[in-house]
Structure formats: structure tokens, C-alpha cells
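Next comes start_32.cif, a file with mmCIF, C-alpha atoms.
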```cif
data_coords
#
loop_
_atom_site.label_atom_id
_atom_site.label_comp_id
_atom_site.auth_asym_id
_atom_site.auth_seq_id
_atom_site.Cartn_x
_atom_site.Cartn_y
_atom_site.Cartn_z
CA MET A 1 0.00 0.00 0.00
CA LYS A 2 1.17 3.49 -0.85
CA TYR A 3 0.59 6.61 1.23
CA SER A 4 0.75 10.20 0.10
CA ILE A 5 2.69 12.54 2.35
CA ARG A 6 -0.61 13.85 3.76
CA GLU A 7 -1.89 10.32 4.43
CA LEU A 8 1.35 9.28 6.15
CA SER A 9 1.33 12.49 8.15
CA ASN A 10 -2.16 11.70 9.44
CA LEU A 11 -1.32 8.04 10.04
CA ALA A 12 1.86 8.69 12.05
CA GLY A 13 0.96 11.99 13.68
CA VAL A 14 3.98 13.66 12.09
CA SER A 15 3.65 16.89 10.16
CA ALA A 16 4.12 16.90 6.40
CA ARG A 17 6.77 19.57 6.93
CA THR A 18 8.73 17.15 9.13
CA LEU A 19 8.47 14.39 6.50
CA ARG A 20 9.74 16.78 3.83
CA TYR A 21 12.65 17.70 6.10
CA TYR A 22 13.47 14.02 6.69
CA ASP A 23 13.56 13.62 2.90
CA GLU A 24 15.88 16.64 2.51
CA ILE A 25 18.44 15.32 4.98
CA GLY A 26 18.24 11.75 3.66
CA LEU A 27 16.72 10.29 6.81
CA LEU A 28 13.50 9.07 5.18
CA LYS A 29 13.27 9.12 1.40
CA PRO A 30 9.87 8.48 -0.23
CA LEU A 31 9.33 5.35 -2.31
CA ASP A 32 8.80 7.53 -5.33
CA VAL A 33 7.98 11.09 -6.37
CA SER A 34 5.43 11.89 -9.07
CA GLU A 35 6.15 14.20 -12.01
CA ALA A 36 4.15 16.84 -10.15
CA GLY A 37 6.49 16.50 -7.14
CA TYR A 38 4.15 14.55 -4.85
CA ARG A 39 5.87 12.14 -2.46
CA TYR A 40 4.57 8.60 -1.92
CA TYR A 41 5.65 6.13 0.79
CA GLY A 42 5.50 2.34 0.85
CA GLU A 43 5.64 -0.35 3.53
CA LYS A 44 9.42 -0.08 3.97
CA GLU A 45 9.23 3.68 4.51
CA VAL A 46 6.40 3.29 7.02
CA THR A 47 8.50 0.81 9.00
CA LEU A 48 11.52 3.15 8.89
CA LEU A 49 9.40 6.04 10.12
CA GLN A 50 8.23 3.94 13.04
CA GLN A 51 11.88 3.24 13.91
CA ILE A 52 12.74 6.94 13.64
CA LEU A 53 9.94 7.80 16.07
CA PHE A 54 11.02 5.05 18.48
CA TYR A 55 14.57 6.39 18.53
CA ARG A 56 13.32 9.98 18.91
CA GLU A 57 11.31 8.89 21.95
CA ARG A 58 14.50 7.43 23.40
CA GLY A 59 16.29 10.76 23.02
CA PHE A 60 18.46 10.08 19.96
CA ASP A 61 19.22 13.03 17.66
CA LEU A 62 18.45 12.78 13.95
CA LYS A 63 22.09 12.42 12.92
CA SER A 64 22.56 9.45 15.24
CA ILE A 65 19.30 7.85 14.08
CA GLN A 66 20.38 8.13 10.45
CA LYS A 67 23.70 6.48 11.23
CA ILE A 68 21.94 3.60 13.03
CA LEU A 69 19.23 2.97 10.44
CA TYR A 70 21.51 2.98 7.42
CA GLN A 71 24.44 0.96 8.72
CA ASP A 72 24.97 -2.26 6.79
CA ASP A 73 24.27 -4.54 9.74
CA PHE A 74 21.12 -2.79 10.98
CA ASP A 75 18.74 -5.44 12.34
CA ILE A 76 15.17 -4.23 12.77
CA MET A 77 14.21 -7.14 15.05
CA LYS A 78 17.15 -6.40 17.33
CA ALA A 79 16.20 -2.72 17.31
CA LEU A 80 12.63 -3.56 18.34
CA GLU A 81 13.90 -5.75 21.16
CA GLU A 82 16.09 -2.85 22.36
CA HIS A 83 13.11 -0.48 22.22
CA LEU A 84 11.04 -2.96 24.24
CA LEU A 85 13.76 -3.32 26.87
CA GLU A 86 14.08 0.46 27.14
CA LEU A 87 10.32 0.89 27.53
CA GLU A 88 10.09 -1.85 30.15
CA GLU A 89 12.87 -0.20 32.14
CA GLN A 90 11.13 3.16 31.84
CA ARG A 91 7.94 1.54 33.13
CA GLU A 92 9.82 0.02 36.05
CA TYR A 93 11.38 3.37 36.87
CA THR A 94 8.03 5.19 36.56
CA ASN A 95 6.41 2.64 38.88
CA SER A 96 9.22 3.19 41.38
CA LEU A 97 8.66 6.95 41.23
CA ILE A 98 4.91 6.50 41.69
CA ARG A 99 5.54 4.30 44.71
CA THR A 100 7.96 6.86 46.17
CA VAL A 101 5.53 9.76 45.65
CA LYS A 102 2.67 7.80 47.25
CA GLN A 103 4.85 6.93 50.25
CA THR A 104 5.92 10.55 50.57
CA ILE A 105 2.30 11.73 50.54
CA LEU A 106 1.36 9.18 53.22
CA SER A 107 4.42 10.21 55.23
CA MET A 108 3.44 13.88 55.09
CA LYS A 109 -0.06 12.92 56.24
CA GLY A 110 1.41 11.04 59.18
CA GLU A 111 0.09 7.71 57.89
CA TYR A 112 3.47 6.21 57.00
CA GLU A 113 6.96 6.54 58.47
CA MET A 114 9.29 6.97 55.51
CA SER A 115 13.04 6.66 55.96
CA ASP A 116 15.49 8.98 54.23
CA LYS A 117 16.82 5.97 52.34
CA GLU A 118 13.39 5.24 50.84
CA LYS A 119 13.13 8.80 49.53
CA PHE A 120 15.98 8.17 47.11
CA GLU A 121 15.61 4.47 46.29
CA ALA A 122 13.95 5.05 42.91
CA PHE A 123 16.67 7.41 41.73
CA LYS A 124 19.47 5.10 42.85
CA GLN A 125 17.78 2.07 41.30
CA ARG A 126 17.70 3.84 37.96
CA ILE A 127 21.47 4.40 38.07
CA VAL A 128 21.96 0.71 38.84
CA ASN A 129 19.65 -0.34 35.99
CA GLU A 130 21.37 1.97 33.50
CA ASN A 131 24.81 0.74 34.49
CA GLU A 132 23.68 -2.87 34.16
CA GLU A 133 22.19 -2.25 30.73
CA LYS A 134 25.18 -0.37 29.34
CA TYR A 135 28.16 -2.01 31.01
CA GLY A 136 26.94 -4.90 33.18
CA ALA A 137 27.72 -7.77 30.82
CA GLU A 138 31.22 -6.48 30.07
CA VAL A 139 32.08 -5.75 33.70
CA ARG A 140 30.81 -9.14 34.86
CA GLN A 141 32.75 -10.92 32.13
CA LYS A 142 35.97 -8.98 32.76
CA TYR A 143 35.93 -8.57 36.55
CA GLY A 144 33.33 -11.08 37.76
CA ASP A 145 29.84 -10.84 39.26
CA GLU A 146 31.19 -9.93 42.68
CA GLU A 147 32.61 -6.60 41.48
CA MET A 148 29.41 -5.55 39.72
CA ASP A 149 27.16 -6.68 42.57
CA ALA A 150 29.33 -4.85 45.11
CA SER A 151 29.13 -1.64 43.06
CA ASN A 152 25.34 -1.90 42.78
CA LYS A 153 25.09 -2.52 46.52
CA LYS A 154 27.18 0.55 47.34
CA ILE A 155 24.89 2.73 45.23
CA LEU A 156 21.69 1.34 46.72
CA ASN A 157 23.04 1.69 50.29
CA MET A 158 23.98 5.35 49.92
CA THR A 159 22.51 7.67 52.52
CA GLN A 160 20.76 10.87 51.49
CA LYS A 161 23.96 12.79 52.21
CA ASP A 162 26.06 10.31 50.20
CA TRP A 163 23.67 10.43 47.26
CA GLU A 164 23.64 14.22 47.14
CA HIS A 165 27.45 14.28 47.28
CA PHE A 166 27.67 11.62 44.55
CA GLU A 167 25.47 13.68 42.22
CA HIS A 168 27.32 16.89 43.11
CA LEU A 169 30.66 15.28 42.22
CA GLU A 170 29.33 14.09 38.87
CA THR A 171 28.05 17.57 38.01
CA GLU A 172 31.21 19.33 39.16
CA ILE A 173 33.46 16.99 37.18
CA LYS A 174 31.53 17.58 33.95
CA GLU A 175 31.40 21.35 34.48
CA ARG A 176 35.11 21.57 35.24
CA LEU A 177 35.93 19.42 32.20
CA LYS A 178 33.86 21.66 29.97
CA GLU A 179 35.50 24.83 31.28
CA ALA A 180 38.97 23.28 31.04
CA VAL A 181 38.51 22.35 27.38
CA LEU A 182 36.92 25.68 26.45
CA SER A 183 39.61 27.71 28.24
CA GLY A 184 42.44 25.67 26.73
CA VAL A 185 44.19 24.52 29.92
CA THR A 186 46.41 21.47 29.59
CA PRO A 187 45.94 17.99 31.13
CA GLU A 188 49.12 18.71 33.12
CA SER A 189 47.62 21.79 34.81
CA GLU A 190 46.60 22.15 38.46
CA GLU A 191 42.98 22.35 37.35
CA ALA A 192 43.34 18.99 35.61
CA GLU A 193 44.80 17.53 38.80
CA LYS A 194 41.75 18.76 40.72
CA ILE A 195 39.44 17.12 38.18
CA VAL A 196 41.31 13.80 38.51
CA LEU A 197 41.04 13.92 42.31
CA LEU A 198 37.31 14.59 42.09
CA HIS A 199 36.96 11.78 39.58
CA LYS A 200 38.84 9.42 41.88
CA GLU A 201 36.52 10.34 44.77
CA TRP A 202 33.50 9.77 42.54
CA LEU A 203 34.73 6.31 41.49
CA GLU A 204 35.49 5.33 45.08
CA MET A 205 31.86 5.91 45.99
CA THR A 206 30.78 3.00 43.77
CA TRP A 207 33.83 0.79 43.29
CA LYS A 208 34.46 -2.13 45.61
CA LYS A 209 38.15 -1.23 45.68
CA TYR A 210 39.99 1.64 44.00
CA THR A 211 43.34 1.06 42.30
CA LYS A 212 45.44 3.32 40.11
CA GLU A 213 45.59 0.61 37.45
CA ALA A 214 41.80 0.38 37.30
CA HIS A 215 41.53 4.17 37.13
CA LYS A 216 43.87 4.28 34.14
CA ALA A 217 42.05 1.36 32.54
CA ILE A 218 38.71 3.10 32.68
CA ALA A 219 40.37 6.24 31.31
CA THR A 220 41.28 4.23 28.21
CA ALA A 221 37.64 3.20 27.88
CA TYR A 222 36.61 6.87 27.91
CA ILE A 223 38.22 7.36 24.52
CA SER A 224 37.86 3.87 23.03
CA ASP A 225 34.22 3.21 23.97
CA LYS A 226 31.76 5.44 22.13
CA ARG A 227 29.28 5.24 25.02
CA PHE A 228 31.74 6.74 27.48
CA ARG A 229 32.96 9.29 24.94
CA ALA A 230 29.39 10.40 24.22
CA TYR A 231 28.74 10.82 27.96
CA TYR A 232 31.69 13.18 28.49
CA ASP A 233 31.54 14.93 25.09
CA LYS A 234 27.79 15.55 25.26
CA GLN A 235 28.16 19.32 25.69
CA VAL A 236 31.70 19.98 24.48
CA ASP A 237 33.86 17.80 22.24
CA GLY A 238 37.25 16.98 23.68
CA CYS A 239 36.23 16.42 27.30
CA ALA A 240 36.76 12.65 27.11
CA ASN A 241 40.24 13.08 25.62
CA PHE A 242 41.15 15.70 28.21
CA LEU A 243 40.02 13.49 31.11
CA GLU A 244 41.89 10.47 29.76
CA GLN A 245 45.12 12.44 29.37
CA ALA A 246 44.75 14.09 32.78
CA ILE A 247 44.17 10.74 34.51
CA ARG A 248 47.24 9.22 32.82
CA TYR A 249 49.39 12.18 33.87
CA TRP A 250 48.19 12.67 37.45
CA VAL A 251 47.16 9.27 38.83
CA ASP A 252 50.68 7.98 39.39
CA LYS A 253 51.71 11.31 40.93
CA GLN A 254 49.13 11.10 43.72
#
```

What is this file in C-alpha cells?
Amino acid sequence: MKYSIRELSNLAGVSARTLRYYDEIGLLKPLDVSEAGYRYYGEKEVTLLQQILFYRERGFDLKSIQKILYQDDFDIMKALEEHLLELEEQREYTNSLIRTVKQTILSMKGEYEMSDKEKFEAFKQRIVNENEEKYGAEVRQKYGDEEMDASNKKILNMTQKDWEHFEHLETEIKERLKEAVLSGVTPESEEAEKIVLLHKEWLEMTWKKYTKEAHKAIATAYISDKRFRAYYDKQVDGCANFLEQAIRYWVDKQ
């Protein structure tokens, strides 16, 4: 079945202007274009549009989506399974938040005694789930289940004060990295040393045991693993490289 751009727009809830833009940037080309310039879309294009919308819902930018969809080994079934896993985890997190809000309301009414730990359980559980999804299999294979389980346990057992400090460290590290790269300071600078010390403190809050060798090893991953690089380079390119170089320079000097 073929759809005109207006029909596909109505079917998918996407404006015709957006579909024309997707065509212009090569993200979603129509099946064919009539002599009068009207675009028509077939079954393949409908399926691709669904994938585009799934990835958009997951927070991917258009450039990244295009790279994923048009790589030679793109597997639509695998992509759907990833979408499903993401949605199920979102549901689990949302349910945790709902439970936390309900408990907080009951606590404020004097009908339930809520501990400080319970107030932050949902947020900590999400960090654990995300770490498991992104890095769990690799960490467990390389270092064993005990290391990963110990890290998860440390996160879940954080007090309110610990959790706030953990989040503050993460924010400060990223802000200092961004400023360092933008201002042109070197990885050998005193500011870089401060960043490495903060980073070490941040790692120690979740690692079972800190070692200089492990710190340098994860620094290598920051530039070799696109997931880590994307995390640090999200706002300013070069932050991952700067952190890796700073860690290599300063860790052995501490």
C-alpha cells in the first residue's frame, strides 16, 4: 500500500513539513515522487518512520538515528527488542517513582513513616539499571559478578547525604571538564589535577576497591568506547580526551 505525504502524516501523527525535512536530509526518502512532485511512501518507509519515532522517543538526535538505520548490519528485530527493553525499564522506573511519591504523601499525612533511604531508592535504582544495561555484561565478564554486585550494593546503600554528594561530584566533574577544554588549559595543569582527584573520589563511591591501574584502565575506555565518549563529550567535544590524558598524567603522581 502506498501513502501520500498527507496520508502518512495523518497516520503517524507527524507533520508533512517534518516528513519533507526528513527527505531533505536523507533520513526518510519516499518510495517515489510523481512528475508533479508529490511524495509517496510504501511499507518499507512506514517501517523506517516507526523506527525513527522510536529512537526519537528514546532521546536520539536525527544524525545518530540516520547512522543507526543505514548501517549495513542494521537489524530491525534487534532494534525492536532494544526499544522494548528500554520501555520496560522506563515503566519500572516510573512505577518506582509512583511508589515513592505515594509513600511521601502518606508520610506527610502522618500515615506512614518513611526513611530517608526510601526517599531516594527510585533514583538510585535507575542508576543501577542503566549501568547494568550499558556495562553490566562487560564488567561481569571482565571482573566477575562480585565486582558488579558490590558496586550496585554501594549505590543502593547510599545515605541521602552520600547520594547528594555523589550527584554533586558528577556535576562538578563535567562542568570543570567543559571549562577546562573551552579555556584551553592542559591535562598537566593544576585544574586537571583537581578534576582527577574529584573523579577518583566519585569512582570510590561505587567501586568495591579503588586502584590506580583500574583508574587508568577506565580512562582508556573513555576514549575507546563510544558510550563513554558520548557521555563526556555531550556538551563539548574533547572532554573525554582531556580526562583520559589528565588521569594518565596525574594518577601515578598522587

Expand the PyMOL selection byres ((chain A and resi 30) around 6) into the explicit residue set it covers here, and present it as a PDB file with C-alpha atoms, in the frame of the given file.
```pdb
ATOM      1  CA  LYS A  29      13.270   9.120   1.400  1.00  0.00           C
ATOM      2  CA  LEU A  31       9.330   5.350  -2.310  1.00  0.00           C
ATOM      3  CA  ASP A  32       8.800   7.530  -5.330  1.00  0.00           C
ATOM      4  CA  ARG A  39       5.870  12.140  -2.460  1.00  0.00           C
ATOM      5  CA  TYR A  40       4.570   8.600  -1.920  1.00  0.00           C
ATOM      6  CA  TYR A  41       5.650   6.130   0.790  1.00  0.00           C
TER       7      TYR A  41
END
```

Given the PyMOL selection byres ((chain A and resi 83) around 12), the residues it picks as a ChimeraX atom specification: /A:50-59,76-82,84-90

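Across the model, the gap from atom CA of Tyr21 of chain A to atom CA of Arg6 of chain A is 14.0 Å.
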
The PyMOL selection byres ((chain A and resi 11-13) around 12) applied to the shown file, residues as a PyMOL selection string: chain A and resi 3-10+14-19+41+45-54

Atomic distance atom CA of Trp207 of chain A - atom CA of Ser151 of chain A, expressed in Å with one decimal: 5.3 Å

Got a minute to add N, CA and C atoms to segment 63-97 of chain A and dump it as a compact mmCIF listing (two decimals), in the frame of the given file?
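And here's part-v5.txt as it stands now:
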```txt
# COMPACT_ATOMS: atom_id res chain seq x y z
N LYS A 63 20.83 12.87 13.53
CA LYS A 63 22.09 12.42 12.92
C LYS A 63 22.45 11.01 13.40
N SER A 64 22.26 10.77 14.69
CA SER A 64 22.56 9.45 15.24
C SER A 64 21.59 8.40 14.70
N ILE A 65 20.32 8.78 14.59
CA ILE A 65 19.30 7.85 14.08
C ILE A 65 19.64 7.44 12.65
N GLN A 66 20.03 8.42 11.84
CA GLN A 66 20.38 8.13 10.45
C GLN A 66 21.55 7.16 10.37
N LYS A 67 22.53 7.34 11.22
CA LYS A 67 23.70 6.48 11.23
C LYS A 67 23.31 5.05 11.62
N ILE A 68 22.38 4.92 12.57
CA ILE A 68 21.94 3.60 13.03
C ILE A 68 21.13 2.89 11.95
N LEU A 69 20.16 3.59 11.38
CA LEU A 69 19.23 2.97 10.44
C LEU A 69 19.90 2.53 9.14
N TYR A 70 20.93 3.26 8.73
CA TYR A 70 21.51 2.98 7.42
C TYR A 70 22.88 2.30 7.48
N GLN A 71 23.22 1.77 8.66
CA GLN A 71 24.44 0.96 8.72
C GLN A 71 24.15 -0.40 8.10
N ASP A 72 25.15 -1.01 7.55
CA ASP A 72 24.97 -2.26 6.79
C ASP A 72 24.38 -3.38 7.62
N ASP A 73 24.72 -3.41 8.91
CA ASP A 73 24.27 -4.54 9.74
C ASP A 73 23.05 -4.19 10.60
N PHE A 74 22.30 -3.15 10.21
CA PHE A 74 21.12 -2.79 10.98
C PHE A 74 20.11 -3.93 10.98
N ASP A 75 19.67 -4.33 12.16
CA ASP A 75 18.74 -5.44 12.34
C ASP A 75 17.47 -4.90 12.99
N ILE A 76 16.38 -4.83 12.25
CA ILE A 76 15.17 -4.23 12.77
C ILE A 76 14.59 -5.02 13.94
N MET A 77 14.71 -6.35 13.93
CA MET A 77 14.21 -7.14 15.05
C MET A 77 15.00 -6.84 16.32
N LYS A 78 16.31 -6.74 16.19
CA LYS A 78 17.15 -6.40 17.33
C LYS A 78 16.81 -5.01 17.85
N ALA A 79 16.55 -4.09 16.92
CA ALA A 79 16.20 -2.72 17.31
C ALA A 79 14.89 -2.71 18.10
N LEU A 80 13.91 -3.48 17.64
CA LEU A 80 12.63 -3.56 18.34
C LEU A 80 12.80 -4.15 19.74
N GLU A 81 13.65 -5.14 19.85
CA GLU A 81 13.90 -5.75 21.16
C GLU A 81 14.56 -4.73 22.10
N GLU A 82 15.45 -3.90 21.57
CA GLU A 82 16.09 -2.85 22.36
C GLU A 82 15.07 -1.80 22.80
N HIS A 83 14.17 -1.44 21.88
CA HIS A 83 13.11 -0.48 22.22
C HIS A 83 12.26 -1.03 23.35
N LEU A 84 11.89 -2.33 23.24
CA LEU A 84 11.04 -2.96 24.24
C LEU A 84 11.72 -2.96 25.61
N LEU A 85 13.01 -3.30 25.62
CA LEU A 85 13.76 -3.32 26.87
C LEU A 85 13.80 -1.93 27.49
N GLU A 86 14.03 -0.93 26.66
CA GLU A 86 14.08 0.46 27.14
C GLU A 86 12.73 0.87 27.74
N LEU A 87 11.65 0.53 27.06
CA LEU A 87 10.32 0.89 27.53
C LEU A 87 9.97 0.16 28.83
N GLU A 88 10.36 -1.10 28.92
CA GLU A 88 10.09 -1.85 30.15
C GLU A 88 10.86 -1.27 31.33
N GLU A 89 12.09 -0.82 31.08
CA GLU A 89 12.87 -0.20 32.14
C GLU A 89 12.28 1.16 32.53
N GLN A 90 11.80 1.89 31.54
CA GLN A 90 11.13 3.16 31.84
C GLN A 90 9.90 2.92 32.70
N ARG A 91 9.14 1.87 32.36
CA ARG A 91 7.94 1.54 33.13
C ARG A 91 8.30 1.20 34.56
N GLU A 92 9.38 0.40 34.71
CA GLU A 92 9.82 0.02 36.05
C GLU A 92 10.23 1.25 36.86
N TYR A 93 10.94 2.15 36.19
CA TYR A 93 11.38 3.37 36.87
C TYR A 93 10.19 4.25 37.23
N THR A 94 9.23 4.38 36.29
CA THR A 94 8.03 5.19 36.56
C THR A 94 7.25 4.61 37.73
N ASN A 95 7.11 3.29 37.76
CA ASN A 95 6.41 2.64 38.88
C ASN A 95 7.12 2.91 40.20
N SER A 96 8.45 2.90 40.17
CA SER A 96 9.22 3.19 41.38
C SER A 96 8.97 4.62 41.84
N LEU A 97 8.93 5.55 40.88
CA LEU A 97 8.66 6.95 41.23
C LEU A 97 7.26 7.12 41.80
```
